[in-house]
Amino acid sequence: MVARRDVDVTDLINRARHADPRAVARLISFVESNSPVLREVAAGLAGVPAQAHVVGLTGSPGVGKSTLTNALVTALRARGDRVGVLAVDPSSPYSGGALLGDRIRMGEHSEDEHVFIRSMASRGQLGGLAAAVPQALRVLDVAGCDVILVETVGVGQAEIEIASLADTTLLVLAPGLGDGIQAAKAGVVEIADVYVVNKADRGGAEQVTRDLRQVQSLSAGRHEGWKASILKTTAVSGEGIQELIGALAEHRQWLEDSGELGVRRRRRAATEIEAIALGAVRERFATLAGPAALDDAAGRVVDGETDPYVAAEALIASL
Ligand SMILES: Nc1nc2c(ncn2[C@@H]2O[C@H](COP(=O)(O)OP(=O)(O)OP(=O)(O)O)[C@@H](O)[C@H]2O)c(=O)[nH]1
Ligand SMILES: [Mg+2]
């Protein structure tokens, strides 16, 4: 862990504002590792409303999220956007390097100074990834990213929650995985703003699209004012990517026009604050109440001196 005196946070944030990739990387690693300077980083990043369009990509392993992310970066760069990519693995305690190497095939963008690629894993942040991801998004935002793509691994509840932190959520599916049905089971159909049926060069994309339409017709959807479009892509060749960029722009416009952008951003901040607060309570409970106090309370419950609710309340009151 980096000692406080070794870090000039103000200077780092200034450099990040000038899109210095090393400053951006350093700030995000502070967020990921719950560094002692994190409070100072958060204070330095506050004060400017978010600009970037945050797009979450979720879907089963191997459907082509990373390949699609790569193709989106290429297309966004072609129109002059600055792009951030955050690969998030809620299930893994391992950080950065490995995930980047294995999961993201972005070699062609690694030398581009207008593309920031970072990855994050669960590493004991106060409040977990629900708190860490919004903070990392702020770092990428101050660096001037127009679009931030957040790729999450897997489609479990944790991944859905992370993906939902985005302004626009893409659910990526592919033929041959029974994906339409899987998505319905996992409850992800409701959270998607845009469905992408990738690997359209393979047989079965039509079937996935039909399954999806059917699932969609039975579900409420994420917002009554927006009907999620279903797009077909072949990420490896770039086919359908322009249409996808168009769908993202259309959704972003709708978010602004309907006021839903502000609603989602407030929800994101609320989730973040709640995660930080609950993390802080848990931490105080562990240090203040401590194992001895807990053990003592447990003894009294076992001996019938008190009941567990009264014991829990006493511990909470002692924080
Ligand atoms: N035929 C075909 N293959 C594709 C397409 N998109 C991706 N692939 C291949 O599918 C495999 C998985 O792609 P990834 O982009 O790593 O998939 P992912 O969803 O990021 O996978 P995880 O990060 O492991 O969950 C790779 O071998 C890709 O080359 C496509 O449009 N068509
Ligand atoms: Mg991937």
# chains A, B, ... in the order shown; residues from 1 in each chain; ligands from 1
$ residues_around --residues "Ala71 (chain A)" --least-positions-apart "3" --cutoff "12 Å" --atoms "only C-alpha atoms" --output "JSON, numbers by chain"
{"A": [64, 65, 66, 67, 68, 74, 75, 76, 77, 78, 104, 105, 106, 107, 108, 109, 149, 198, 233, 234, 235, 236, 237, 238, 239, 240, 241, 242, 244, 245]}
$ residues_around --residues "Glu243 (chain A)" --least-positions-apart "4" --cutoff "10 Å" --atoms "only C-alpha atoms" --output "MDAnalysis selection string"
chainID A and resid 231:233 239 247:249
$ write_last_selection --atoms "N, CA, C and O atoms" --output "JSON list (two decimals), in the first residue's frame"
[["chain", "number", "residue", "atom", "x", "y", "z"],
["A", 231, "LEU", "N", -30.20, -6.04, -31.95],
["A", 231, "LEU", "CA", -29.29, -5.85, -33.08],
["A", 231, "LEU", "C", -28.45, -7.09, -33.28],
["A", 231, "LEU", "O", -28.07, -7.75, -32.31],
["A", 232, "LYS", "N", -28.12, -7.35, -34.55],
["A", 232, "LYS", "CA", -27.21, -8.47, -34.82],
["A", 232, "LYS", "C", -25.82, -7.92, -35.18],
["A", 232, "LYS", "O", -25.72, -6.96, -35.95],
["A", 233, "THR", "N", -24.80, -8.52, -34.60],
["A", 233, "THR", "CA", -23.44, -8.09, -34.93],
["A", 233, "THR", "C", -22.54, -9.29, -35.20],
["A", 233, "THR", "O", -22.83, -10.41, -34.77],
["A", 239, "GLU", "N", -19.14, -6.16, -38.54],
["A", 239, "GLU", "CA", -20.47, -6.03, -39.12],
["A", 239, "GLU", "C", -21.52, -5.70, -38.06],
["A", 239, "GLU", "O", -21.54, -6.33, -36.99],
["A", 247, "ALA", "N", -27.55, 2.87, -32.20],
["A", 247, "ALA", "CA", -28.52, 2.53, -31.16],
["A", 247, "ALA", "C", -28.10, 3.13, -29.82],
["A", 247, "ALA", "O", -28.94, 3.57, -29.03],
["A", 248, "LEU", "N", -26.78, 3.15, -29.57],
["A", 248, "LEU", "CA", -26.28, 3.73, -28.32],
["A", 248, "LEU", "C", -26.58, 5.23, -28.28],
["A", 248, "LEU", "O", -27.01, 5.76, -27.26],
["A", 249, "ALA", "N", -26.33, 5.89, -29.41],
["A", 249, "ALA", "CA", -26.58, 7.34, -29.49],
["A", 249, "ALA", "C", -28.07, 7.63, -29.30],
["A", 249, "ALA", "O", -28.46, 8.58, -28.61]]
$ atom_distance --atom1 "CA of Gly259 (chain A)" --atom2 "CA of Glu272 (chain A)"
20.4 Å
$ residues_around --residues "region 83-92 of chain A" --least-positions-apart "4" --cutoff "7 Å" --atoms "only C-alpha atoms" --output "compact mmCIF listing (two decimals) with N, CA and C atoms, in the first residue's frame"
# COMPACT_ATOMS: atom_id res chain seq x y z
N VAL A 73 -14.63 0.29 -29.70
CA VAL A 73 -13.55 1.26 -29.51
C VAL A 73 -13.05 1.74 -30.87
N HIS A 114 -5.73 8.10 -26.68
CA HIS A 114 -7.12 8.49 -26.42
C HIS A 114 -7.99 7.32 -25.99
N VAL A 115 -7.34 6.20 -25.68
CA VAL A 115 -8.08 5.03 -25.20
C VAL A 115 -7.48 4.61 -23.85
N PHE A 116 -8.34 4.51 -22.83
CA PHE A 116 -7.87 4.11 -21.50
C PHE A 116 -8.49 2.76 -21.18
N ILE A 117 -7.65 1.78 -20.99
CA ILE A 117 -8.16 0.44 -20.72
C ILE A 117 -7.70 0.01 -19.33
N ARG A 118 -8.65 -0.25 -18.45
CA ARG A 118 -8.31 -0.67 -17.09
C ARG A 118 -9.19 -1.84 -16.69
N SER A 119 -8.72 -2.64 -15.77
CA SER A 119 -9.59 -3.69 -15.27
C SER A 119 -9.62 -3.64 -13.74
N MET A 120 -10.71 -4.13 -13.20
CA MET A 120 -10.89 -4.13 -11.74
C MET A 120 -11.46 -5.45 -11.29
N ALA A 121 -10.99 -5.89 -10.13
CA ALA A 121 -11.57 -7.08 -9.52
C ALA A 121 -11.97 -6.74 -8.09
N SER A 122 -12.64 -7.66 -7.43
CA SER A 122 -13.04 -7.44 -6.03
C SER A 122 -11.79 -7.54 -5.16
N LEU A 140 -12.18 8.23 -15.16
CA LEU A 140 -12.20 8.21 -16.63
C LEU A 140 -12.95 9.41 -17.18
N CYS A 145 -13.14 11.23 -21.23
CA CYS A 145 -13.72 10.17 -22.06
C CYS A 145 -15.13 10.56 -22.49
N ASP A 146 -15.43 10.39 -23.77
CA ASP A 146 -16.78 10.64 -24.27
C ASP A 146 -17.68 9.45 -23.98
N VAL A 147 -17.09 8.27 -24.12
CA VAL A 147 -17.83 7.03 -23.86
C VAL A 147 -16.96 6.15 -22.97
N ILE A 148 -17.60 5.51 -21.98
CA ILE A 148 -16.90 4.53 -21.15
C ILE A 148 -17.63 3.19 -21.28
N LEU A 149 -16.91 2.18 -21.74
CA LEU A 149 -17.49 0.85 -21.90
C LEU A 149 -17.10 0.01 -20.68
N VAL A 150 -18.10 -0.55 -20.00
CA VAL A 150 -17.84 -1.36 -18.82
C VAL A 150 -18.20 -2.80 -19.14
N GLU A 151 -17.19 -3.64 -19.28
CA GLU A 151 -17.45 -5.05 -19.54
C GLU A 151 -17.43 -5.83 -18.24
N THR A 152 -18.53 -6.52 -17.93
CA THR A 152 -18.53 -7.38 -16.75
C THR A 152 -18.49 -8.82 -17.21
N VAL A 153 -17.90 -9.65 -16.38
CA VAL A 153 -17.73 -11.05 -16.71
C VAL A 153 -18.87 -11.85 -16.08
N ALA A 158 -24.37 -10.27 -9.28
CA ALA A 158 -23.34 -9.23 -9.08
C ALA A 158 -23.04 -8.52 -10.40
N GLU A 159 -22.96 -9.29 -11.47
CA GLU A 159 -22.65 -8.71 -12.78
C GLU A 159 -23.80 -7.81 -13.24
$ select_by_dssp --residues "region 1-230 of chain A" --states "helix (DSSP H, G or I)" --output "PyMOL selection string"
chain A and resi 4-6+9-17+21-32+38-45+65-78+96-103+107-109+128-142+157-163+179-186+189-191+205-218
$ closest_residue --among "A:Leu129, A:Ala50, A:Leu12, A:Leu57" --to "ligand 2" --atoms "only C-alpha atoms and all ligand atoms"
A:Leu57
$ atom_distance --atom1 "CA of Val37 (chain A)" --atom2 "CA of Asp6 (chain A)"
10.1 Å
$ atom_distance --atom1 "CA of Val9 (chain A)" --atom2 "CA of Gly144 (chain A)"
18.1 Å
$ closest_residue --among "A:Val263, A:Ala52, A:Ala23, A:Val172" --to "ligand 2" --atoms "only C-alpha atoms and all ligand atoms"
A:Val172
$ closest_residue --among "A:Val55, A:Ser110, A:Asp193, A:Asp81" --to "Ile230 (chain A)" --atoms "only C-alpha atoms"
A:Asp193
$ closest_residue --among "A:Ser318, A:Thr10, A:Thr287, A:Ser60" --to "ligand 1" --atoms "only C-alpha atoms and all ligand atoms"
A:Ser60
$ residues_around --residues "region 303-317 of chain A" --least-positions-apart "2" --cutoff "9 Å" --atoms "only C-alpha atoms" --output "ChimeraX atom specification"
/A:285,288-289,293-294,297-301,319
$ closest_residue --among "A:Ile160, A:Leu171, A:Glu256, A:Gly47" --to "Val63 (chain A)" --atoms "only C-alpha atoms"
A:Leu171
$ select_by_dssp --residues "region 186-283 of chain A" --states "strand (DSSP E)" --output "PyMOL selection string"
chain A and resi 194-197+229-232
$ write_last_selection --atoms "all heavy atoms" --output "mmCIF file, in the first residue's frame"
data_model
loop_
_atom_site.group_PDB
_atom_site.id
_atom_site.type_symbol
_atom_site.label_atom_id
_atom_site.label_comp_id
_atom_site.auth_asym_id
_atom_site.auth_seq_id
_atom_site.Cartn_x
_atom_site.Cartn_y
_atom_site.Cartn_z
ATOM 1 N N VAL A 194 -30.443 -2.391 -24.724
ATOM 2 C CA VAL A 194 -30.198 -2.838 -26.099
ATOM 3 C C VAL A 194 -29.730 -4.294 -26.035
ATOM 4 O O VAL A 194 -28.873 -4.629 -25.212
ATOM 5 C CB VAL A 194 -29.095 -1.972 -26.780
ATOM 6 C CG1 VAL A 194 -28.802 -2.494 -28.186
ATOM 7 C CG2 VAL A 194 -29.501 -0.495 -26.839
ATOM 8 N N TYR A 195 -30.314 -5.148 -26.874
ATOM 9 C CA TYR A 195 -29.835 -6.526 -26.971
ATOM 10 C C TYR A 195 -28.942 -6.646 -28.183
ATOM 11 O O TYR A 195 -29.264 -6.133 -29.260
ATOM 12 C CB TYR A 195 -30.993 -7.505 -27.175
ATOM 13 C CG TYR A 195 -32.051 -7.448 -26.113
ATOM 14 C CD1 TYR A 195 -33.283 -6.876 -26.383
ATOM 15 C CD2 TYR A 195 -31.819 -7.979 -24.849
ATOM 16 C CE1 TYR A 195 -34.269 -6.824 -25.407
ATOM 17 C CE2 TYR A 195 -32.803 -7.928 -23.879
ATOM 18 C CZ TYR A 195 -34.019 -7.351 -24.162
ATOM 19 O OH TYR A 195 -34.981 -7.300 -23.204
ATOM 20 N N VAL A 196 -27.838 -7.345 -28.011
ATOM 21 C CA VAL A 196 -26.944 -7.586 -29.141
ATOM 22 C C VAL A 196 -26.827 -9.090 -29.337
ATOM 23 O O VAL A 196 -26.391 -9.808 -28.427
ATOM 24 C CB VAL A 196 -25.544 -6.988 -28.868
ATOM 25 C CG1 VAL A 196 -24.626 -7.257 -30.054
ATOM 26 C CG2 VAL A 196 -25.642 -5.496 -28.588
ATOM 27 N N VAL A 197 -27.241 -9.559 -30.510
ATOM 28 C CA VAL A 197 -27.018 -10.961 -30.840
ATOM 29 C C VAL A 197 -25.735 -10.998 -31.665
ATOM 30 O O VAL A 197 -25.719 -10.658 -32.846
ATOM 31 C CB VAL A 197 -28.208 -11.558 -31.631
ATOM 32 C CG1 VAL A 197 -27.939 -13.030 -31.944
ATOM 33 C CG2 VAL A 197 -29.501 -11.404 -30.827
ATOM 34 N N SER A 229 -34.049 -2.378 -28.393
ATOM 35 C CA SER A 229 -33.897 -2.888 -29.751
ATOM 36 C C SER A 229 -33.013 -4.127 -29.731
ATOM 37 O O SER A 229 -32.228 -4.342 -28.802
ATOM 38 C CB SER A 229 -33.298 -1.815 -30.661
ATOM 39 O OG SER A 229 -32.294 -1.100 -29.998
ATOM 40 N N ILE A 230 -33.174 -4.955 -30.761
ATOM 41 C CA ILE A 230 -32.381 -6.183 -30.880
ATOM 42 C C ILE A 230 -31.518 -6.049 -32.127
ATOM 43 O O ILE A 230 -32.044 -5.936 -33.238
ATOM 44 C CB ILE A 230 -33.297 -7.426 -31.007
ATOM 45 C CG1 ILE A 230 -34.263 -7.480 -29.812
ATOM 46 C CG2 ILE A 230 -32.462 -8.698 -31.088
ATOM 47 C CD1 ILE A 230 -35.296 -8.606 -29.891
ATOM 48 N N LEU A 231 -30.204 -6.036 -31.945
ATOM 49 C CA LEU A 231 -29.295 -5.847 -33.077
ATOM 50 C C LEU A 231 -28.446 -7.085 -33.282
ATOM 51 O O LEU A 231 -28.073 -7.747 -32.311
ATOM 52 C CB LEU A 231 -28.366 -4.651 -32.816
ATOM 53 C CG LEU A 231 -29.044 -3.302 -32.613
ATOM 54 C CD1 LEU A 231 -28.007 -2.252 -32.270
ATOM 55 C CD2 LEU A 231 -29.787 -2.905 -33.876
ATOM 56 N N LYS A 232 -28.117 -7.351 -34.548
ATOM 57 C CA LYS A 232 -27.208 -8.467 -34.822
ATOM 58 C C LYS A 232 -25.822 -7.916 -35.181
ATOM 59 O O LYS A 232 -25.715 -6.958 -35.954
ATOM 60 C CB LYS A 232 -27.745 -9.305 -35.992
ATOM 61 C CG LYS A 232 -28.928 -10.171 -35.577
ATOM 62 C CD LYS A 232 -29.166 -11.299 -36.524
ATOM 63 C CE LYS A 232 -30.067 -10.968 -37.637
ATOM 64 N NZ LYS A 232 -31.416 -10.857 -37.666
#
